[in-house]
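Here is the structure we will look at.
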Amino acid sequence: EGLAMVSDTGVIDEAIAALQAEESAAIKLAERDRLALAWNTLLKQSPVMPRAYAERLQVAFKAAVAGEPVEVAPSPSPFPAPGSGASGFAGLALVDDDQITLTIEFTRLSQQLRVQVDAQMADLDALMCAAMGLPRVQPERNPLRPEVFAGALRDLLGQAPVEPETRTRWLKALTSPLGRELEDTYKSLIALLNAAHVQAVNYQWVGTPGEHRVP
């Protein structure tokens, strides 16, 4: 239930409000038009986004539990870019450019989310690894790490029928409220695991029998 917090409409509402505030503060008409386009298109997509994000999170969680890494290069969007009539090699170039942009955006989003939840990560990693039966903390095995949430959002927005510039504005506006919701979710999950008396594992090095660690 706590994980549903990050896919509710509150995050989207905050993002729309932030884009509207940017529009009001913008001086140049062209910038105001681009910001208005961003929040209007986000508003139009908002009814379907929470459920779609929740579904992608479920898929991402299962993949992470199975030990599959978060993909760096997302699948190309099935939607044509608005106003794009490119074909052949030009079309392939546009797809490649879009994938590169998505990868950069994913990396930036992952970093920003991790900064926002950094205070909770040590406890969460230790408890989640214990709950998974791991002998020590392995942060990359935590299926609820920020990169998984960022990857699910990247994949969702990568399918949106909007131009890359608009998607970038969406991501920028969504990052802060998503980070706050994720922080609250982590705090609730840590409290839940502690209440269930899960014994956190350590970050210590674990050797095999008969193996000597070289100082």
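In the structure tokens, chains take the letters A, B, ... in the order shown, each chain's residues start at 1, and ligands count up from 1 in the order shown.
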
Non-local contacts of Arg136 in chain A (9 Å; only C-alpha atoms; under 2 positions in same chain excluded) as a CSV table (one decimal) with C-alpha atoms, in the first residue's frame:
chain,number,residue,atom,x,y,z
A,126,ALA,CA,20.2,-3.4,5.2
A,129,CYS,CA,18.6,-7.4,2.0
A,130,ALA,CA,17.9,-9.2,5.2
A,133,GLY,CA,17.7,-13.7,2.8
A,134,LEU,CA,21.0,-12.1,1.7
A,138,GLN,CA,24.2,-5.6,-1.5
A,200,ALA,CA,19.2,-5.9,9.4
A,201,VAL,CA,22.3,-7.4,7.9
A,202,ASN,CA,25.7,-5.7,7.8
A,203,TYR,CA,27.9,-4.2,5.1
A,204,GLN,CA,30.8,-6.4,6.3
A,205,TRP,CA,32.9,-8.4,4.0
A,206,VAL,CA,32.0,-12.1,3.9

**Study point:** Neighbour list for range 186-196 of chain A as a VMD selection string, cut-off 12 Å, only C-alpha atoms, skip fewer than 5 positions in-chain
**Key:** chain A and resid 1 to 6 114 116 to 132 144 to 146 179 to 181

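The shortest atom-to-atom distance to Thr103 in chain A, with only C-alpha atoms taken into account, belongs to A:Ala150 out of A:Ala26, A:Ala150, A:Leu37, A:Leu178.
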
Check your understanding: Which residues come within 7 Å of range 10-12 of chain A, counting only C-alpha atoms, excluding same-chain residues fewer than 3 positions away, as a count of residues only?
Key -> 6

Practice item. Between CA of Glu140 in chain A and CA of Ala60 in chain A, measure the distance and give it in Å to one decimal. Key: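 So the two atoms, CA of Glu140 in chain A and CA of Ala60 in chain A, lie 13.7 Å apart.
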
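For the atom pair formed by CA of Gln20 in chain A and CA of Ala36 in chain A, the distance is 7.0 Å, given to one decimal.
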
Review point. With only C-alpha atoms as the atoms that count, which of A:Gln199, A:Gln159, A:Thr107, A:Gln99 lies nearest to Ala52 in chain A?
Key: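 Of A:Gln199, A:Gln159, A:Thr107, A:Gln99, the one nearest Ala52 in chain A is A:Gln159, counting only C-alpha atoms.
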
Could you list, as a PDB file with N, CA and C atoms, in the first residue's frame, every residue within 12 Å of Thr41 in chain A, counting only C-alpha atoms and ignoring same-chain residues fewer than 3 positions away?
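This went into selection-v2.pdb:
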ATOM      1  N   ILE A  12       1.743  14.348  -9.735  1.00  0.00           N
ATOM      2  CA  ILE A  12       1.484  14.998 -11.019  1.00  0.00           C
ATOM      3  C   ILE A  12       0.917  16.396 -10.811  1.00  0.00           C
ATOM      4  N   ALA A  15       3.668  18.720 -10.029  1.00  0.00           N
ATOM      5  CA  ALA A  15       4.476  18.993 -11.219  1.00  0.00           C
ATOM      6  C   ALA A  15       3.786  20.010 -12.118  1.00  0.00           C
ATOM      7  N   ILE A  16       2.485  19.850 -12.296  1.00  0.00           N
ATOM      8  CA  ILE A  16       1.727  20.799 -13.117  1.00  0.00           C
ATOM      9  C   ILE A  16       1.781  22.196 -12.510  1.00  0.00           C
ATOM     10  N   LEU A  19       5.153  23.790 -13.169  1.00  0.00           N
ATOM     11  CA  LEU A  19       5.275  24.267 -14.550  1.00  0.00           C
ATOM     12  C   LEU A  19       4.453  25.541 -14.763  1.00  0.00           C
ATOM     13  N   ARG A  34       6.226  27.379 -24.415  1.00  0.00           N
ATOM     14  CA  ARG A  34       6.730  26.016 -24.242  1.00  0.00           C
ATOM     15  C   ARG A  34       6.328  25.444 -22.881  1.00  0.00           C
ATOM     16  N   LEU A  35       6.356  26.292 -21.871  1.00  0.00           N
ATOM     17  CA  LEU A  35       5.949  25.845 -20.536  1.00  0.00           C
ATOM     18  C   LEU A  35       4.446  25.566 -20.488  1.00  0.00           C
ATOM     19  N   ALA A  36       3.668  26.400 -21.168  1.00  0.00           N
ATOM     20  CA  ALA A  36       2.219  26.178 -21.224  1.00  0.00           C
ATOM     21  C   ALA A  36       1.915  24.859 -21.938  1.00  0.00           C
ATOM     22  N   LEU A  37       2.659  24.581 -22.998  1.00  0.00           N
ATOM     23  CA  LEU A  37       2.488  23.318 -23.708  1.00  0.00           C
ATOM     24  C   LEU A  37       2.821  22.140 -22.791  1.00  0.00           C
ATOM     25  N   ALA A  38       3.871  22.297 -22.002  1.00  0.00           N
ATOM     26  CA  ALA A  38       4.308  21.216 -21.113  1.00  0.00           C
ATOM     27  C   ALA A  38       3.249  20.889 -20.069  1.00  0.00           C
ATOM     28  N   LYS A  44      -3.330  16.615 -19.690  1.00  0.00           N
ATOM     29  CA  LYS A  44      -4.136  15.725 -20.531  1.00  0.00           C
ATOM     30  C   LYS A  44      -3.773  14.255 -20.310  1.00  0.00           C
ATOM     31  N   GLN A  45      -2.495  13.996 -20.041  1.00  0.00           N
ATOM     32  CA  GLN A  45      -2.048  12.620 -19.836  1.00  0.00           C
ATOM     33  C   GLN A  45      -2.246  12.139 -18.400  1.00  0.00           C
ATOM     34  N   SER A  46      -2.520  13.050 -17.476  1.00  0.00           N
ATOM     35  CA  SER A  46      -2.557  12.712 -16.045  1.00  0.00           C
ATOM     36  C   SER A  46      -3.583  11.645 -15.648  1.00  0.00           C
ATOM     37  N   PRO A  47      -4.751  11.539 -16.320  1.00  0.00           N
ATOM     38  CA  PRO A  47      -5.707  10.508 -15.887  1.00  0.00           C
ATOM     39  C   PRO A  47      -5.183   9.080 -16.020  1.00  0.00           C
ATOM     40  N   MET A  49      -1.748   8.228 -16.228  1.00  0.00           N
ATOM     41  CA  MET A  49      -0.367   8.046 -15.803  1.00  0.00           C
ATOM     42  C   MET A  49      -0.201   7.309 -14.473  1.00  0.00           C
ATOM     43  N   LEU A 157       7.344   7.680 -19.516  1.00  0.00           N
ATOM     44  CA  LEU A 157       7.382   8.941 -20.242  1.00  0.00           C
ATOM     45  C   LEU A 157       7.972   8.762 -21.637  1.00  0.00           C
ATOM     46  N   ALA A 160       5.248   8.431 -24.070  1.00  0.00           N
ATOM     47  CA  ALA A 160       4.316   9.551 -24.229  1.00  0.00           C
ATOM     48  C   ALA A 160       4.484  10.220 -25.592  1.00  0.00           C
ATOM     49  N   PRO A 161       3.361  10.563 -26.253  1.00  0.00           N
ATOM     50  CA  PRO A 161       3.409  11.192 -27.579  1.00  0.00           C
ATOM     51  C   PRO A 161       3.716  12.687 -27.502  1.00  0.00           C
ATOM     52  N   VAL A 162       4.890  13.009 -26.937  1.00  0.00           N
ATOM     53  CA  VAL A 162       5.303  14.410 -26.812  1.00  0.00           C
ATOM     54  C   VAL A 162       6.739  14.539 -27.299  1.00  0.00           C
ATOM     55  N   GLU A 163       7.136  15.762 -27.589  1.00  0.00           N
ATOM     56  CA  GLU A 163       8.496  16.017 -28.038  1.00  0.00           C
ATOM     57  C   GLU A 163       9.466  15.866 -26.870  1.00  0.00           C
ATOM     58  N   THR A 166       9.482  18.636 -24.216  1.00  0.00           N
ATOM     59  CA  THR A 166       8.350  18.606 -23.287  1.00  0.00           C
ATOM     60  C   THR A 166       8.542  17.524 -22.242  1.00  0.00           C
ATOM     61  N   ARG A 167       9.012  16.360 -22.663  1.00  0.00           N
ATOM     62  CA  ARG A 167       9.253  15.269 -21.715  1.00  0.00           C
ATOM     63  C   ARG A 167      10.307  15.656 -20.682  1.00  0.00           C
ATOM     64  N   ARG A 169      10.910  18.634 -19.589  1.00  0.00           N
ATOM     65  CA  ARG A 169      10.271  19.551 -18.645  1.00  0.00           C
ATOM     66  C   ARG A 169       9.400  18.777 -17.656  1.00  0.00           C
ATOM     67  N   TRP A 170       8.710  17.751 -18.149  1.00  0.00           N
ATOM     68  CA  TRP A 170       7.917  16.901 -17.259  1.00  0.00           C
ATOM     69  C   TRP A 170       8.809  16.281 -16.179  1.00  0.00           C
TER      70      TRP A 170
END

Exercise for review: Write down as JSON, numbers by chain the residues belonging to range 22-204 of chain A that are assigned helix (DSSP H, G or I) by DSSP computed on the backbone.
Suggested key: {"A": [22, 23, 24, 25, 29, 30, 31, 32, 33, 34, 35, 36, 37, 38, 39, 40, 41, 42, 43, 44, 45, 49, 50, 51, 52, 53, 54, 55, 56, 57, 58, 59, 60, 61, 62, 63, 64, 65, 88, 89, 90, 91, 92, 93, 94, 95, 96, 97, 98, 99, 100, 101, 102, 103, 104, 105, 106, 107, 108, 109, 110, 111, 112, 113, 114, 115, 116, 117, 118, 119, 120, 121, 122, 123, 124, 125, 126, 127, 128, 129, 130, 131, 139, 140, 141, 146, 147, 148, 149, 150, 151, 152, 153, 154, 155, 156, 157, 158, 164, 165, 166, 167, 168, 169, 170, 171, 172, 173, 174, 175, 176, 177, 178, 179, 180, 181, 182, 183, 184, 185, 186, 187, 188, 189, 190, 191, 192, 193, 194, 195]}

Check your understanding: Can you tell me, as a list in words, what residues are no more than 9 Å from Phe61 in chain A when counting only C-alpha atoms, ignoring any on the same chain fewer than 5 positions away?
Key -> Arg56, Ala66, Pro143, Leu144, Val148 and Phe149 of chain A

Export of the given selection (C-alpha atoms) as a compact mmCIF listing (two decimals), in the first residue's frame:
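Resulting contents of again-v2.txt:
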# COMPACT_ATOMS: atom_id res chain seq x y z
CA ARG A 56 5.46 -0.46 -14.74
CA ALA A 66 15.05 -11.70 -10.18
CA PRO A 143 14.47 -4.09 -5.70
CA LEU A 144 13.17 -0.81 -4.26
CA VAL A 148 14.09 1.16 -10.23
CA PHE A 149 11.55 3.94 -9.67
